[in-house]
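Student: Provided below: start.txt, containing compact mmCIF, C-alpha atoms.
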```txt
# COMPACT_ATOMS: atom_id res chain seq x y z
CA MET Y 21 0.00 0.00 0.00
CA ALA Y 22 2.84 2.16 0.60
CA SER Y 23 3.85 1.95 -2.97
CA SER Y 24 0.44 2.92 -4.17
CA SER Y 25 0.38 5.84 -1.88
CA GLY Y 26 3.81 6.84 -3.09
CA THR Y 27 2.73 6.76 -6.66
CA SER Y 28 -0.34 8.66 -5.90
CA SER Y 29 1.64 11.23 -4.03
CA GLY Y 30 4.12 11.36 -6.89
CA GLY Y 31 1.26 11.75 -9.32
CA SER Y 32 -0.14 14.51 -7.18
CA SER Y 33 3.07 16.40 -7.20
CA SER Y 34 3.36 16.15 -10.94
CA LEU Y 35 -0.23 17.30 -11.23
CA MET Y 36 0.57 20.18 -8.89
CA ALA Y 37 3.64 21.01 -10.93
CA GLN Y 38 1.53 20.93 -14.02
CA ASN Y 39 -1.11 23.11 -12.37
CA SER Y 40 1.48 25.58 -11.12
CA GLY Y 41 3.05 25.73 -14.60
CA SER Y 42 -0.36 26.29 -16.06
CA GLU Y 43 -1.10 28.97 -13.46
CA GLU Y 44 2.20 30.68 -14.25
CA SER Y 45 1.47 30.70 -17.95
CA LEU Y 46 -2.07 31.90 -17.21
CA GLN Y 47 -0.64 34.66 -14.99
CA ALA Y 48 1.87 35.59 -17.72
CA LEU Y 49 -0.94 35.71 -20.28
CA MET Y 50 -3.01 37.90 -17.98
CA ASP Y 51 -0.03 40.19 -17.37
CA GLN Y 52 0.57 40.44 -21.11
CA ARG Y 53 -3.10 41.33 -21.71
CA LYS Y 54 -2.94 43.85 -18.88
CA ARG Y 55 0.12 45.50 -20.46
CA LYS Y 56 -1.57 45.59 -23.88
CA ARG Y 57 -4.69 47.12 -22.36
CA MET Y 58 -2.58 49.70 -20.50
CA ILE Y 59 -0.72 50.60 -23.72
CA SER Y 60 -4.03 50.76 -25.59
CA ASN Y 61 -5.54 52.99 -22.88
CA ARG Y 62 -2.53 55.29 -22.99
CA GLU Y 63 -2.79 55.55 -26.78
CA SER Y 64 -6.53 56.21 -26.54
CA ALA Y 65 -5.94 58.93 -23.92
CA ARG Y 66 -3.25 60.49 -26.14
CA ARG Y 67 -5.65 60.51 -29.14
CA SER Y 68 -8.35 62.01 -26.91
CA ARG Y 69 -6.01 64.78 -25.77
CA MET Y 70 -5.04 65.46 -29.38
CA ARG Y 71 -8.72 65.67 -30.44
CA LYS Y 72 -9.43 67.95 -27.50
CA GLN Y 73 -6.47 70.20 -28.41
CA LYS Y 74 -7.54 70.29 -32.07
CA HIS Y 75 -11.08 71.20 -31.03
CA LEU Y 76 -9.74 73.96 -28.77
CA ASP Y 77 -7.52 75.28 -31.60
CA ASP Y 78 -10.52 75.25 -33.99
CA LEU Y 79 -12.61 77.16 -31.45
CA MET Y 80 -9.86 79.73 -30.92
CA ALA Y 81 -9.56 80.21 -34.71
CA GLN Y 82 -13.34 80.60 -34.91
CA VAL Y 83 -13.27 83.21 -32.11
CA ALA Y 84 -10.56 85.14 -33.95
CA GLN Y 85 -12.56 85.02 -37.21
CA LEU Y 86 -15.77 86.11 -35.46
CA ARG Y 87 -13.96 89.02 -33.80
CA LYS Y 88 -12.58 90.07 -37.18
CA ASP Y 89 -16.05 89.81 -38.75
CA ASN Y 90 -17.55 91.76 -35.84
CA HIS Y 91 -14.97 94.52 -36.28
CA GLN Y 92 -15.75 94.72 -40.01
CA ILE Y 93 -19.49 94.90 -39.29
CA ILE Y 94 -18.99 97.67 -36.73
CA THR Y 95 -16.83 99.58 -39.22
CA SER Y 96 -19.53 99.16 -41.89
CA ILE Y 97 -22.20 100.36 -39.47
CA ASN Y 98 -20.12 103.42 -38.57
CA ILE Y 99 -19.58 104.26 -42.25
CA ALA Y 100 -23.29 103.79 -43.01
CA THR Y 101 -24.20 105.96 -40.02
CA GLN Y 102 -21.84 108.69 -41.22
CA HIS Y 103 -23.36 108.53 -44.72
CA TYR Y 104 -26.82 108.70 -43.16
CA MET Y 105 -25.88 111.77 -41.11
CA ASN Y 106 -24.38 113.47 -44.19
CA ILE Y 107 -27.48 112.74 -46.25
CA GLU Y 108 -29.76 113.82 -43.41
CA SER Y 109 -27.84 117.10 -43.16
CA GLU Y 110 -28.03 117.61 -46.92
CA ASN Y 111 -31.74 116.77 -46.80
CA SER Y 112 -32.27 119.42 -44.11
CA VAL Y 113 -30.50 122.00 -46.26
CA LEU Y 114 -32.65 121.03 -49.22
CA ARG Y 115 -35.81 121.31 -47.09
CA ALA Y 116 -34.77 124.82 -46.02
CA GLN Y 117 -34.06 125.75 -49.63
CA LEU Y 118 -37.43 124.32 -50.68
CA GLY Y 119 -39.16 126.48 -48.07
CA GLU Y 120 -37.31 129.58 -49.21
CA LEU Y 121 -37.97 128.91 -52.88
CA THR Y 122 -41.62 128.19 -52.18
CA HIS Y 123 -41.86 131.51 -50.37
CA ARG Y 124 -40.14 133.30 -53.26
CA LEU Y 125 -42.46 131.67 -55.78
CA HIS Y 126 -45.47 132.70 -53.74
CA SER Y 127 -44.16 136.29 -53.56
CA LEU Y 128 -43.47 136.38 -57.29
CA ASN Y 129 -46.97 135.04 -57.99
CA GLU Y 130 -48.38 137.83 -55.82
CA ILE Y 131 -46.38 140.40 -57.80
CA ILE Y 132 -47.66 138.94 -61.07
CA SER Y 133 -51.23 139.01 -59.76
CA PHE Y 134 -50.73 142.59 -58.59
CA LEU Y 135 -49.29 143.64 -61.96
CA ASP Y 136 -52.05 141.83 -63.84
CA ALA Y 137 -54.65 143.57 -61.69
CA SER Y 138 -52.99 146.95 -62.28
CA ASN Y 139 -52.84 146.28 -66.03
CA ASN Y 140 -56.55 145.48 -66.00
CA ASN Y 141 -57.23 148.70 -64.07
CA ASP Y 142 -54.94 150.57 -66.49
CA ASP Y 143 -56.96 149.32 -69.42
CA ASP Y 144 -60.21 150.44 -67.76
CA ASP Y 145 -59.47 154.04 -66.79
CA GLY Y 146 -56.21 155.06 -68.44
CA ASN Y 147 -53.25 155.95 -66.18
CA GLY Y 148 -54.72 155.57 -62.74
CA GLY Y 149 -54.01 151.87 -62.30
CA ALA Y 150 -50.43 152.10 -63.54
CA ALA Y 151 -49.71 155.03 -61.25
CA ALA Y 152 -51.08 153.12 -58.29
CA ALA Y 153 -48.96 150.08 -59.17
CA ILE Y 154 -45.81 152.18 -59.48
CA PHE Y 155 -46.57 153.97 -56.22
CA ALA Y 156 -47.12 150.63 -54.45
CA ALA Y 157 -43.91 149.23 -55.89
CA THR Y 158 -41.85 152.27 -54.89
CA SER Y 159 -43.36 152.36 -51.42
CA MET Y 160 -42.37 148.70 -50.99
CA ILE Y 161 -38.80 149.50 -52.02
CA ASN Y 162 -38.60 152.46 -49.65
CA GLU Y 163 -39.69 150.48 -46.60
CA PRO Y 164 -37.26 150.11 -43.68
CA ALA Y 165 -34.29 147.75 -44.17
CA PHE Y 166 -35.63 144.95 -41.95
CA ASP Y 167 -38.67 144.61 -44.23
CA ASN Y 168 -36.53 144.48 -47.38
CA PHE Y 169 -35.64 140.87 -46.75
CA MET Y 170 -39.26 139.82 -47.09
CA ASN Y 171 -39.98 142.30 -49.87
CA PRO Y 172 -40.39 140.42 -53.17
CA LEU Y 173 -39.20 143.44 -55.15
CA ASN Y 174 -35.92 143.54 -53.28
CA LEU Y 175 -34.09 140.71 -55.08
CA SER Y 176 -30.69 141.18 -53.46
CA TYR Y 177 -31.35 138.38 -50.99
CA LEU Y 178 -32.15 135.92 -53.81
CA ASN Y 179 -28.47 135.25 -54.43
CA GLN Y 180 -27.65 134.59 -50.78
CA PRO Y 181 -26.89 130.92 -50.00
CA ILE Y 182 -28.94 129.11 -47.40
CA MET Y 183 -26.61 127.49 -44.92
CA ALA Y 184 -27.41 124.75 -42.45
CA SER Y 185 -25.21 122.56 -40.33
CA ALA Y 186 -25.71 118.90 -39.52
CA ASP Y 187 -25.24 119.78 -35.85
CA MET Y 188 -28.41 121.87 -35.92
CA PHE Y 189 -30.53 118.77 -36.49
CA HIS Y 190 -29.04 116.25 -34.06
CA GLN Y 191 -31.15 115.33 -31.08
CA TYR Y 192 -29.36 114.76 -27.79
```
Translate the structure of the given file into structure tokens.
Tutor:
Amino acid sequence: MASSSGTSSGGSSSLMAQNSGSEESLQALMDQRKRKRMISNRESARRSRMRKQKHLDDLMAQVAQLRKDNHQIITSINIATQHYMNIESENSVLRAQLGELTHRLHSLNEIISFLDASNNNDDDDGNGGAAAAIFAATSMINEPAFDNFMNPLNLSYLNQPIMASADMFHQY
């Protein structure tokens, strides 16, 4: 019996040696897989950092482009505003000139009506209407100087420019 137990114990030890060899190779395989996974994780993390850096660089480039576009838009708005103010000023001058010319036209139409009426009176009774027209015209010319500006027969103010400034029309 001793021999059978010796063989069984010898068989056990060889089985244990085989198991320990198998465990060592299994452990080595697991260590190798662990190293591969660690290398793979490191490479994945490196790629992730590179993608993140590229994304950040793209965003920074986009910010720079948007700032440049914003500056160009602000410059365009300022130029358009300046053109608007110039045109608005010119428009105000033209409105003032329109008012003055309308007034002059009205005055000239009154003179024509007056002369037509005096010509009709002249035709009716001879010289009376013409004398009255001349007297009225000369009395208008001889009025005080402050009335001469509004006097349609005093044409010296017709050649005076009408001046307006853009500052006159800005609201604060």
Student: Find the distance between atom CA of Y:Met70 and atom CA of Y:Asn90 and write it in Å to one decimal.
Tutor: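 Atom-to-atom, atom CA of Y:Met70 and atom CA of Y:Asn90 are spaced 29.8 Å apart.
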Student: If you measure from atom CA of Y:Gln82 to atom CA of Y:Arg69, what distance in Å do you get, rounded to one decimal?
Tutor: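 Atom CA of Y:Gln82 sits 19.7 Å away from atom CA of Y:Arg69.
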Student: One decimal, Å: what's the distance from atom CA of Y:Asp77 over to atom CA of Y:Thr95, could you say?
Tutor: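 Computing the Euclidean distance for atom CA of Y:Asp77 and atom CA of Y:Thr95 yields 27.1 Å.
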Student: Please enclose the listed atoms of stretch 106-119 of chain Y in an axis-aligned box, pad each side by 4 Å, and write out the centre and the three edge lengths in Å, rounded to one decimal, as lines of an AutoDock Vina configuration file.
Tutor:
```
center_x = -31.8
center_y = 119.6
center_z = -46.9
size_x = 22.8
size_y = 21.7
size_z = 15.5
```
